[in-house]
Amino acid sequence: MPEKKHLNNSKFKNIEFLRFAFSILIVMFHFRGPKATPLFYNEITPMLKGLSLCDICVDFFFIISGFFLFYSFKKHQDIIDFALKRFLRLAPLVWFFIICSFILHLIINSPFTFEGNILRIFLLHNLGFGPITGGVGGHTTWFISVIFWVSLFYFYITKIFKSEHLNLIIWLLTVSAYGFILNYTNFKTGGNSTNIAFFINSGVLRGIGGIGLGYYINMLYEKKFLQNLSKKGIVFLTILELYCSYFLVKHLLFSNKLPGKTAFTIIIIFCVLFYLMLIQKGLITKILNKDIFVTLGASSYAIYVTHPLIMAIFNNVILIKYNLFCEKYTLIAFIIEVLCAILFGVITHYFVEKPINKYTQKLNYSN
């Protein structure tokens with residue numbers, strides 16, 4: 001998903017677990033959607049009611065990205081240099097997705113248009129200029145467009161404003177963004193490409209709000225809030241970690257009721273868990289602080305970007321060819337599709353994303 005500060009993977013291994021886990025929940029959310037696979041929607045949704053709320057996991061990624069943006073912020077870095085590095089980190093996998101979409105169009109006649117991908121090439125396709133078009137499942141790349149441009153915006157205002165002014169500015173941006181989007185979506189956070197009041201894009205609002213929360217989480221982290229506790233305090237943090245984990249599992253898998261009638265409650269509970277995992281004091285943090293999660297988390301961005309390709313293959317080929325099996329063993333078919341998306345994402349990361357990142361980093365160093 002969002003750009004990571006690779007030097008700190010060894011320090012935040014548990015956060016890599018969060019990236020991986022939430023990328024899978026987003027895949028599951030899309031695969032069971034009524035517009036994606038009606039069969040899964042009818043069979044899987046009653047079993048895992050909370051999946052209907054898992055669009056909120058994208059907001060979690062904005063928050064994580066916001067933390068790392070400000071955690072790794074360098075005041076002396078030029079904004080053009082920052083934009084170029086960010087673009088070369090995010091865009092190549094989107095280009096790979098477009099190429100794969102075109103290949104699928106030739107093989108299975110899935111939707112694809114060249115002109116519909118022009119804005120996507122430059123990550124301009126979710127800033128309110130029009131509906132997302134261009135081919136199979138491309139709507140999921142809205143997140144990439146927003147994360148790039150909103151990160152650029154926050155980087156710029158952080159450079160030009162003093163900290164005492166910046167705190168107030170980001171507070172107003174965060175509260176206003178969430179206020180607009182929550183009221184517009186009946187207190188959920190869904191929606192990405194539509195405009196509110198003609199010009200305020202719903203996806204951009206989610207990005208502004210999420211990255212803004214990441215700013216304040218980083219502020220707490222830098223002030224070492226709760227980082228010097230007694231043994232009794234650590235026990236309390238472990239209990240709080242367990243509760244927050246239970247709360248998120250319940251509402252993202254098994255319950256489709258909004259706690260307090262607003263999705264913002266879920267966002268706040270995630271922020272609490274995220275911060276607890278950053279300071280690494282509780283039991284859950286220690287359990288998840290493993291090298292394997294760094295490996296898995298590295299593939300989360302590729303899993304997110306490429307999973308619509310697997311959905312297209314499944315709906316246009318597998319469901320048709322093995323219709324009886326899918327109807328009889330719906331849960332198994334659903335699990336197989338999710339596992340295929342994860343596997344394809346991991347392969348894409350190691351054979352496409354990783355080599356491209358190494359190449360673009362060499363370009364940056366040479367410049």
# chains A, B, ... in the order shown; residues from 1 in each chain; ligands from 1
$ residues_around --residues "range 293-296 of chain A" --least-positions-apart "4" --cutoff "8 Å" --atoms "only C-alpha atoms" --output "PDB file with N, CA, C and O atoms, in the first residue's frame"
ATOM      1  N   ASN A   9      11.697  -0.628   8.660  1.00  0.00           N
ATOM      2  CA  ASN A   9      10.972  -1.886   8.655  1.00  0.00           C
ATOM      3  C   ASN A   9      11.346  -2.741   9.854  1.00  0.00           C
ATOM      4  O   ASN A   9      10.510  -3.408  10.446  1.00  0.00           O
ATOM      5  N   SER A  10      12.641  -2.765  10.215  1.00  0.00           N
ATOM      6  CA  SER A  10      13.091  -3.582  11.326  1.00  0.00           C
ATOM      7  C   SER A  10      12.536  -3.067  12.652  1.00  0.00           C
ATOM      8  O   SER A  10      12.427  -3.815  13.619  1.00  0.00           O
ATOM      9  N   LYS A  13       7.987  -3.809  12.655  1.00  0.00           N
ATOM     10  CA  LYS A  13       7.591  -5.063  12.004  1.00  0.00           C
ATOM     11  C   LYS A  13       6.098  -5.325  12.178  1.00  0.00           C
ATOM     12  O   LYS A  13       5.443  -5.846  11.274  1.00  0.00           O
ATOM     13  N   ASN A  14       5.551  -4.976  13.340  1.00  0.00           N
ATOM     14  CA  ASN A  14       4.130  -5.217  13.592  1.00  0.00           C
ATOM     15  C   ASN A  14       3.237  -4.358  12.704  1.00  0.00           C
ATOM     16  O   ASN A  14       2.119  -4.754  12.364  1.00  0.00           O
ATOM     17  N   GLU A  16       3.919  -3.697   9.648  1.00  0.00           N
ATOM     18  CA  GLU A  16       3.880  -4.434   8.389  1.00  0.00           C
ATOM     19  C   GLU A  16       2.801  -5.512   8.434  1.00  0.00           C
ATOM     20  O   GLU A  16       2.152  -5.806   7.418  1.00  0.00           O
ATOM     21  N   PHE A  17       2.584  -6.091   9.597  1.00  0.00           N
ATOM     22  CA  PHE A  17       1.478  -7.052   9.759  1.00  0.00           C
ATOM     23  C   PHE A  17       0.142  -6.365   9.498  1.00  0.00           C
ATOM     24  O   PHE A  17      -0.735  -6.929   8.829  1.00  0.00           O
ATOM     25  N   PHE A  20      -0.445  -5.871   5.780  1.00  0.00           N
ATOM     26  CA  PHE A  20      -0.784  -7.123   5.111  1.00  0.00           C
ATOM     27  C   PHE A  20      -2.213  -7.552   5.448  1.00  0.00           C
ATOM     28  O   PHE A  20      -2.991  -7.906   4.556  1.00  0.00           O
ATOM     29  N   LEU A 288       3.677  -9.947  17.369  1.00  0.00           N
ATOM     30  CA  LEU A 288       3.667  -9.615  15.937  1.00  0.00           C
ATOM     31  C   LEU A 288       4.965  -8.976  15.450  1.00  0.00           C
ATOM     32  O   LEU A 288       5.094  -8.714  14.255  1.00  0.00           O
ATOM     33  N   ASN A 289       5.893  -8.742  16.341  1.00  0.00           N
ATOM     34  CA  ASN A 289       7.134  -8.067  15.962  1.00  0.00           C
ATOM     35  C   ASN A 289       8.130  -9.080  15.382  1.00  0.00           C
ATOM     36  O   ASN A 289       9.201  -9.316  15.936  1.00  0.00           O
ATOM     37  N   SER A 300       1.959  -5.825   0.325  1.00  0.00           N
ATOM     38  CA  SER A 300       0.596  -5.334   0.505  1.00  0.00           C
ATOM     39  C   SER A 300       0.169  -4.354  -0.592  1.00  0.00           C
ATOM     40  O   SER A 300      -0.978  -4.382  -1.044  1.00  0.00           O
ATOM     41  N   VAL A 346       2.051 -11.103  -4.276  1.00  0.00           N
ATOM     42  CA  VAL A 346       3.398 -11.399  -3.790  1.00  0.00           C
ATOM     43  C   VAL A 346       4.360 -11.577  -4.960  1.00  0.00           C
ATOM     44  O   VAL A 346       5.474 -11.042  -4.959  1.00  0.00           O
TER      45      VAL A 346
END
$ residues_around --residues "Ser255 in chain A" --least-positions-apart "5" --cutoff "10 Å" --atoms "only C-alpha atoms" --output "list of chain:residue names"
A:Pro46, A:Met47, A:Leu48, A:Lys49, A:Gly50, A:Leu51, A:Ser52, A:Leu53, A:Leu248, A:Val249, A:Lys250
$ write_last_selection --atoms "C-alpha atoms" --output "mmCIF file, in the first residue's frame"
data_model
loop_
_atom_site.group_PDB
_atom_site.id
_atom_site.type_symbol
_atom_site.label_atom_id
_atom_site.label_comp_id
_atom_site.auth_asym_id
_atom_site.auth_seq_id
_atom_site.Cartn_x
_atom_site.Cartn_y
_atom_site.Cartn_z
ATOM 1 C CA PRO A 46 -24.404 -13.457 5.715
ATOM 2 C CA MET A 47 -21.394 -15.343 7.162
ATOM 3 C CA LEU A 48 -19.034 -12.382 7.352
ATOM 4 C CA LYS A 49 -21.334 -9.408 7.789
ATOM 5 C CA GLY A 50 -18.526 -7.091 8.807
ATOM 6 C CA LEU A 51 -16.927 -7.283 5.367
ATOM 7 C CA SER A 52 -19.448 -4.682 4.245
ATOM 8 C CA LEU A 53 -17.557 -2.159 6.418
ATOM 9 C CA LEU A 248 -11.761 -4.283 14.976
ATOM 10 C CA VAL A 249 -12.112 -8.023 14.301
ATOM 11 C CA LYS A 250 -15.745 -7.888 15.417
#
$ select_by_dssp --residues "range 178-237 of chain A" --states "strand (DSSP E)" --output "PyMOL selection string"
chain A and resi 195-196+200-201
$ closest_residue --among "A:Phe334, A:Phe153, A:Tyr359, A:Phe148" --to "Ser65 in chain A" --atoms "only C-alpha atoms"
A:Phe148
$ residues_around --residues "Asn117 in chain A" --least-positions-apart "6" --cutoff "9 Å" --atoms "only C-alpha atoms" --output "PDB file with N, CA and C atoms, in the first residue's frame"
ATOM      1  N   ILE A  98      -2.295  -1.359 -15.721  1.00  0.00           N
ATOM      2  CA  ILE A  98      -2.906  -0.967 -16.991  1.00  0.00           C
ATOM      3  C   ILE A  98      -2.507  -1.935 -18.107  1.00  0.00           C
ATOM      4  N   HIS A 125      -6.497  10.526 -11.807  1.00  0.00           N
ATOM      5  CA  HIS A 125      -7.832  10.018 -12.095  1.00  0.00           C
ATOM      6  C   HIS A 125      -8.804  10.091 -10.921  1.00  0.00           C
ATOM      7  N   ILE A 132     -14.051   7.395 -12.773  1.00  0.00           N
ATOM      8  CA  ILE A 132     -12.919   6.524 -13.054  1.00  0.00           C
ATOM      9  C   ILE A 132     -13.317   5.548 -14.145  1.00  0.00           C
ATOM     10  N   THR A 133     -12.610   5.570 -15.249  1.00  0.00           N
ATOM     11  CA  THR A 133     -12.916   4.688 -16.373  1.00  0.00           C
ATOM     12  C   THR A 133     -11.639   3.992 -16.821  1.00  0.00           C
ATOM     13  N   GLY A 134     -11.725   3.263 -17.909  1.00  0.00           N
ATOM     14  CA  GLY A 134     -10.510   2.730 -18.517  1.00  0.00           C
ATOM     15  C   GLY A 134     -10.356   1.245 -18.536  1.00  0.00           C
ATOM     16  N   GLY A 135     -11.159   0.514 -17.752  1.00  0.00           N
ATOM     17  CA  GLY A 135     -10.990  -0.928 -17.826  1.00  0.00           C
ATOM     18  C   GLY A 135     -11.404  -1.671 -16.580  1.00  0.00           C
ATOM     19  N   GLY A 138     -10.365  -0.900 -12.370  1.00  0.00           N
ATOM     20  CA  GLY A 138      -9.441   0.201 -12.173  1.00  0.00           C
ATOM     21  C   GLY A 138      -9.865   1.176 -11.099  1.00  0.00           C
TER      22      GLY A 138
END
$ closest_residue --among "A:Phe87, A:Phe31, A:Phe161, A:Phe96" --to "Ser145 in chain A" --atoms "only C-alpha atoms"
A:Phe87
